[in-house]
Amino acid sequence: MTIDLKTVKHISKLARISLDEKKAEKLATDMNSIFEFIEKLNELNTDNVEPLTSIAETTLRFRDDKITSENIREKILKNSPEKNDDFFVVPKVVE
Amino acid sequence: MSEITSLTLYELIKNIKEKKISSNEAAKSFVDRAEKSKKINVYVTENFENCLKLSKEFDDKPNFDLKLPGIPIAVKDLFCTNEVRTTAGSNILNNFVPTYESTVTQNIWNEGGILLGKLNCDEFAMGSSNETSYFGNVQNPIAEDLVPGGSSGGSSAALAANLTPVTIGTDTGGSIRQPASFTGTVGLKPTYGSCSRYGIVAFASSLDQAGPMSKDVKDSSILLEVISSFDKKDSTSIDFKRNNYSSELTRNIKGLKIGIPKEYRVDGMPDEIEKLWKKGIEYAKDCGAEIVDISLPHTSYALPTYYIVAPAEASSNLARYDGVKYGLRSSGKNLIDMYEKTRSEGFGEEVKRRVMIGTYVLSSGYYDAYYLKAQKVRQLIKQDFDQAYNKVDAILTPSTPSSAFKIGEKSNDPVSMYLNDIFTVPVNLAGLPGISIPAGVDKNNYPLGLQIIGKPFDEQTVLNIAYSMEEKINYKNNITDWWMK
C-alpha cells in the first residue's frame with residue numbers, strides 16, 4: 001500500500017498542520033517507508049486476540065463531585081497568547 | 001576528598017548529613033561547572049540563582065531526615081515545574097510557564113531536592129538522539145559530536161558530565177534506558193503506574209513512565225523511593241505497596257532465575273553487542289543467578305506495534321496545542337488557518353511526522369487495520385512476557401543494538417533511527433520495569449549497556465540484579481572534560 005500526496009494533504013487537514021508542497025512530498029516518502037515497516041504486523045493472525053487497551057489492570061476510580069481548586073482564573077489565563085478581560089481571544093468565528 | 005560534582009548521590013547525601021559539605025557548596029559546585037559546560041548544551045532553562053538561594057535557606061534550617069537533604073537536581077524539561085518555564089523541547093511551548101507542579105518533581109522537592117534547571121530533550125520526547133529538540137543538539141560527554149541518546153539526552157549528558165548528582169527522565173519506548181546506555185550511566189524505567197504521570201507533558205499515555213537516571217544502581221534506588229507514589233491525580237496510577245528500594249537493596253541474588261530470550265539476537269547486530277551480552281550472562285552466573293533460555297516469540301513485532309500505538313496516542317495528546325490557551329500562536333486569516341499555521345510553525349519535523357502517522361492510523365477506514373491490529377499484537381507481546389515469567393524472575397538483554405552514533409548520522413532516515421529502540425520498546429508495551437546498566441565499551445571506547453527486565457512491580461529484583469552485576473562489571477566512565485578545553 002502506498003500513501004499518495006492527496007492522502008498526505010487530507011491527513012494534514014485532519015491534523016490541522018499546514019504543509020507546503022515540498023514538505024508534503026517529503027512526508028509522503030517518510031510515511032511510506034514507515035508504513036512499509038509497519039506492514040509486518042499483517043503476518044500475524046490476530047482474529048481471536050483481545051486488544052490490549054490498558055496495561056494497568058485497574059478500573060477507573062470515582063471521586064466526589066467537589067471543587068478542589070478555586071480562584072485559579074488568573075493562573076489559567078496567564079499563559080494565553082491573547083486575552084481580553086477573563087476571556088481567551090481567537091480570530092473571529094461568526095460573520 | 002574528590003570533587004563535589006563527581007560524587008554519587010549517596011556520597012553527597014552522606015557528606016551533607018555529616019556536615020562536611022553544605023547544600024550551598026554543592027549547589028555552587030554544580031552551577032560553576034555548568035557555567036563552564038555550555039558547549040554540551042544540556043540546559044534549556046537554568047534555575048541557578050534560585051537554586052543557590054534555596055540551598056542557603058536549607059543550610060540555615062537544615063532537615064537531615066529528608067531523603068534528599070538540600071541536594072541540587074536538574075530534571076528533564078518534560079516535567080512541569082511551577083513558575084519555571086517548561087518547553088518539552090518544543091517551539092510551541094517556548095514561552096510556557098506552568099502554574100502547577102508535576103507530582104514526581106513535587107515528591108523530589110518534598111524530600112529536600114532543589115531544582116538546578118531544566119534539561120534538554122527530544123521534542124515532546126520523540127527521538128532517540130536529542131536531535132529533534134528545538135533547543136539544539138546535546139553533546140555526549142563521552143566524545144565530541146556524539147549523540148547522548150534520547151529522548152532524555154540532556155539528562156544522560158548532564159549526569160555523565162557531572163552536572164547533576166542524579167536526574168529524572170521519562171521513557172515511552174526507551175527514552176531513559178537508551179541514553180543511559182549511550183553515556184555509561186544507569187537508567188530505570190519503572191512499571192507502568194508506579195510514578196505519577198500528572199504534570200508530565202504527555203506523549204503516549206499508555207506507555208509514558210518517569211524514572212531515575214544516576215551514576216550507579218544504588219542512587220537509582222534512592223531516587224525511585226522518592227518519586228514512586230500512588231497519585232489520585234493520575235487515573236492510571238496504581239496503589240501497590242512500594243518497597244524501601246534503597247534499604248532493601250542487596251547483592252544476594254543467589255538462585256534467581258534469569259531468562260535469555262533468543263529473539264533478541266537480531267540480524268545485523270554487531271559482534272561486540274553479542275559479546276557484551278555473553279559477558280553479561282557470565283557475570284550473572286558469577287553472582288549466583290541461574291541462566292534459563294526463554295522465548296519471546298513476538299519480539300520482532302514490537303517496533304511496528306509501537307510505531308502505531310505511540311503516534312496514535314501522540315496525535316490525540318498533541319491536539320491540545322492549538323494556539324488558544326497557552327503556547328505559541330501564529331496569525332491566520334481565520335480560526336482554522338490560525339490552528340494550522342500555529343501547529344506547522346510550532347512543531348518540528350519528527351513531531352509532525354508522528355502526528356501525521358497517528359492521525360492516519362486513527363482515521364476513518366484505517367482504524368481496524370492499524371490501531372486495533374496493533375492493540376491485538378500488543379496483547380501477544382504482553383502474553384510472551386507473562387509466559388516467560390512463569391519460568392524466570394527477570395530477563396537479561398542488551399540495552400541497545402549499537403553504541404552512540406555521530407550527530408547527523410541517522411537524522412535523515414526515520415526507520416533506522418527507530419531501530420535504536422528495538423530492545424527497549426517491548427518493555428514499554430508490556431508495562432514492565434527495566435534498567436540499563438553500563439557493562440562495557442565498543443571498539444571506539446563508547447559505552448554499551450545491558451538491560452534487566454523484571455516482573456510488574458518487582459523493581460526491587462531488577463535493582464538487586466543490577467546492583468550485584470554492577471559490582472562484578474566494575475565499569476568506570478572515562479570523561480576527559482574535552483568541552484572545557
# chains A, B, ... in the order shown; residues from 1 in each chain; ligands from 1

call {"tool": "interface_residues", "arguments": {"of": "chain A", "to": "chain B", "cutoff": "8 Å", "atoms": "only C-alpha atoms", "output": "number ranges by chain"}}
result
A: 11-12, 14-19, 27, 30-31, 33-34, 37-41, 46, 49-56, 58, 60-61, 75-77, 79-82, 88-93

call {"tool": "residues_around", "arguments": {"residues": "segment 1-10 of chain A", "least_positions_apart": "4", "cutoff": "7 Å", "atoms": "only C-alpha atoms", "output": "list in words"}}
result
Leu14, Ala24, Glu25, Ala28 and Asn32 of chain A

call {"tool": "residues_around", "arguments": {"residues": "Pro433 of chain B", "least_positions_apart": "4", "cutoff": "7 Å", "atoms": "only C-alpha atoms", "output": "ChimeraX atom specification"}}
result
/B:189-191,453-456,459

call {"tool": "residues_around", "arguments": {"residues": "Ser29 of chain B", "least_positions_apart": "6", "cutoff": "9 Å", "atoms": "only C-alpha atoms", "output": "JSON list (two decimals) with N, CA and C atoms, in the first residue's frame"}}
result
[["chain", "number", "residue", "atom", "x", "y", "z"],
["B", 3, "GLU", "N", 36.15, 15.75, 44.03],
["B", 3, "GLU", "CA", 35.30, 16.92, 43.77],
["B", 3, "GLU", "C", 33.83, 16.63, 44.07],
["B", 4, "ILE", "N", 33.16, 17.65, 44.56],
["B", 4, "ILE", "CA", 31.75, 17.50, 44.92],
["B", 4, "ILE", "C", 30.91, 16.98, 43.75],
["B", 5, "THR", "N", 31.19, 17.54, 42.55],
["B", 5, "THR", "CA", 30.35, 17.19, 41.40],
["B", 5, "THR", "C", 30.53, 15.75, 40.94],
["B", 163, "LEU", "N", 27.11, 17.18, 35.97],
["B", 163, "LEU", "CA", 26.43, 18.47, 36.12],
["B", 163, "LEU", "C", 25.22, 18.37, 37.05]]

call {"tool": "select_by_dssp", "arguments": {"residues": "chain A", "states": "helix (DSSP H, G or I)", "output": "PyMOL selection string"}}
result
chain A and resi 5-14+21-43+73-78

call {"tool": "write_last_selection", "arguments": {"atoms": "N, CA and C atoms", "output": "tab-separated table (two decimals), in the first residue's frame"}}
result
chain	number	residue	atom	x	y	z
A	5	LEU	N	0.21	11.68	-2.37
A	5	LEU	CA	0.26	13.08	-1.97
A	5	LEU	C	-1.12	13.60	-1.55
A	6	LYS	N	-2.14	13.12	-2.25
A	6	LYS	CA	-3.50	13.56	-1.95
A	6	LYS	C	-3.88	13.13	-0.52
A	7	THR	N	-3.53	11.88	-0.17
A	7	THR	CA	-3.82	11.38	1.19
A	7	THR	C	-3.06	12.19	2.24
A	8	VAL	N	-1.78	12.46	1.96
A	8	VAL	CA	-0.98	13.24	2.90
A	8	VAL	C	-1.63	14.60	3.15
A	9	LYS	N	-2.12	15.22	2.08
A	9	LYS	CA	-2.75	16.53	2.24
A	9	LYS	C	-4.06	16.44	3.02
A	10	HIS	N	-4.80	15.36	2.79
A	10	HIS	CA	-6.04	15.14	3.53
A	10	HIS	C	-5.74	14.96	5.03
A	11	ILE	N	-4.72	14.12	5.32
A	11	ILE	CA	-4.35	13.86	6.72
A	11	ILE	C	-3.86	15.16	7.39
A	12	SER	N	-3.14	15.97	6.64
A	12	SER	CA	-2.62	17.21	7.24
A	12	SER	C	-3.78	18.16	7.58
A	13	LYS	N	-4.86	18.07	6.81
A	13	LYS	CA	-6.07	18.86	7.14
A	13	LYS	C	-6.66	18.35	8.45
A	14	LEU	N	-6.78	17.01	8.55
A	14	LEU	CA	-7.35	16.41	9.77
A	14	LEU	C	-6.49	16.75	10.98
A	21	GLU	N	4.03	22.23	-0.56
A	21	GLU	CA	4.15	21.11	-1.49
A	21	GLU	C	5.40	20.25	-1.19
A	22	LYS	N	6.51	20.95	-0.93
A	22	LYS	CA	7.77	20.24	-0.73
A	22	LYS	C	7.73	19.38	0.53
A	23	LYS	N	7.19	19.95	1.60
A	23	LYS	CA	7.09	19.22	2.87
A	23	LYS	C	6.14	18.05	2.74
A	24	ALA	N	5.06	18.25	1.99
A	24	ALA	CA	4.08	17.18	1.80
A	24	ALA	C	4.73	16.01	1.06
A	25	GLU	N	5.55	16.32	0.07
A	25	GLU	CA	6.23	15.25	-0.68
A	25	GLU	C	7.20	14.49	0.21
A	26	LYS	N	7.95	15.23	1.02
A	26	LYS	CA	8.91	14.60	1.93
A	26	LYS	C	8.17	13.70	2.92
A	27	LEU	N	7.05	14.20	3.44
A	27	LEU	CA	6.27	13.41	4.39
A	27	LEU	C	5.71	12.14	3.75
A	28	ALA	N	5.29	12.26	2.49
A	28	ALA	CA	4.76	11.08	1.78
A	28	ALA	C	5.85	10.01	1.71
A	29	THR	N	7.08	10.42	1.37
A	29	THR	CA	8.20	9.48	1.30
A	29	THR	C	8.46	8.83	2.65
A	30	ASP	N	8.55	9.68	3.70
A	30	ASP	CA	8.82	9.16	5.04
A	30	ASP	C	7.72	8.22	5.51
A	31	MET	N	6.47	8.63	5.31
A	31	MET	CA	5.36	7.82	5.79
A	31	MET	C	5.32	6.48	5.06
A	32	ASN	N	5.65	6.49	3.77
A	32	ASN	CA	5.67	5.22	3.05
A	32	ASN	C	6.73	4.27	3.59
A	33	SER	N	7.91	4.81	3.90
A	33	SER	CA	8.94	3.91	4.42
A	33	SER	C	8.56	3.41	5.81
A	34	ILE	N	7.90	4.24	6.61
A	34	ILE	CA	7.47	3.81	7.95
A	34	ILE	C	6.35	2.76	7.83
A	35	PHE	N	5.42	2.99	6.93
A	35	PHE	CA	4.32	2.02	6.80
A	35	PHE	C	4.77	0.70	6.19
A	36	GLU	N	5.78	0.75	5.35
A	36	GLU	CA	6.35	-0.48	4.81
A	36	GLU	C	6.83	-1.36	5.97
A	37	PHE	N	7.42	-0.69	6.95
A	37	PHE	CA	7.97	-1.34	8.13
A	37	PHE	C	6.83	-1.82	9.05
A	38	ILE	N	5.75	-1.06	9.11
A	38	ILE	CA	4.61	-1.41	9.95
A	38	ILE	C	3.81	-2.60	9.38
A	39	GLU	N	3.82	-2.72	8.04
A	39	GLU	CA	3.03	-3.77	7.40
A	39	GLU	C	3.37	-5.17	7.90
A	40	LYS	N	4.53	-5.31	8.53
A	40	LYS	CA	4.96	-6.60	9.07
A	40	LYS	C	3.88	-7.22	9.96
A	41	LEU	N	3.09	-6.39	10.61
A	41	LEU	CA	2.06	-6.90	11.52
A	41	LEU	C	1.05	-7.79	10.81
A	42	ASN	N	0.90	-7.59	9.49
A	42	ASN	CA	-0.07	-8.40	8.76
A	42	ASN	C	0.31	-9.87	8.66
A	43	GLU	N	1.56	-10.18	8.98
A	43	GLU	CA	1.99	-11.59	9.01
A	43	GLU	C	1.23	-12.37	10.07
A	73	ARG	N	-8.62	31.36	38.01
A	73	ARG	CA	-8.86	32.01	36.72
A	73	ARG	C	-7.59	32.70	36.19
A	74	GLU	N	-6.95	33.43	37.07
A	74	GLU	CA	-5.77	34.17	36.66
A	74	GLU	C	-4.66	33.23	36.18
A	75	LYS	N	-4.51	32.14	36.94
A	75	LYS	CA	-3.49	31.14	36.57
A	75	LYS	C	-3.77	30.55	35.19
A	76	ILE	N	-5.05	30.25	34.96
A	76	ILE	CA	-5.41	29.63	33.70
A	76	ILE	C	-5.18	30.57	32.53
A	77	LEU	N	-5.45	31.84	32.76
A	77	LEU	CA	-5.32	32.82	31.67
A	77	LEU	C	-3.88	33.30	31.48
A	78	LYS	N	-3.04	32.99	32.45
A	78	LYS	CA	-1.70	33.55	32.48
A	78	LYS	C	-0.88	33.29	31.21
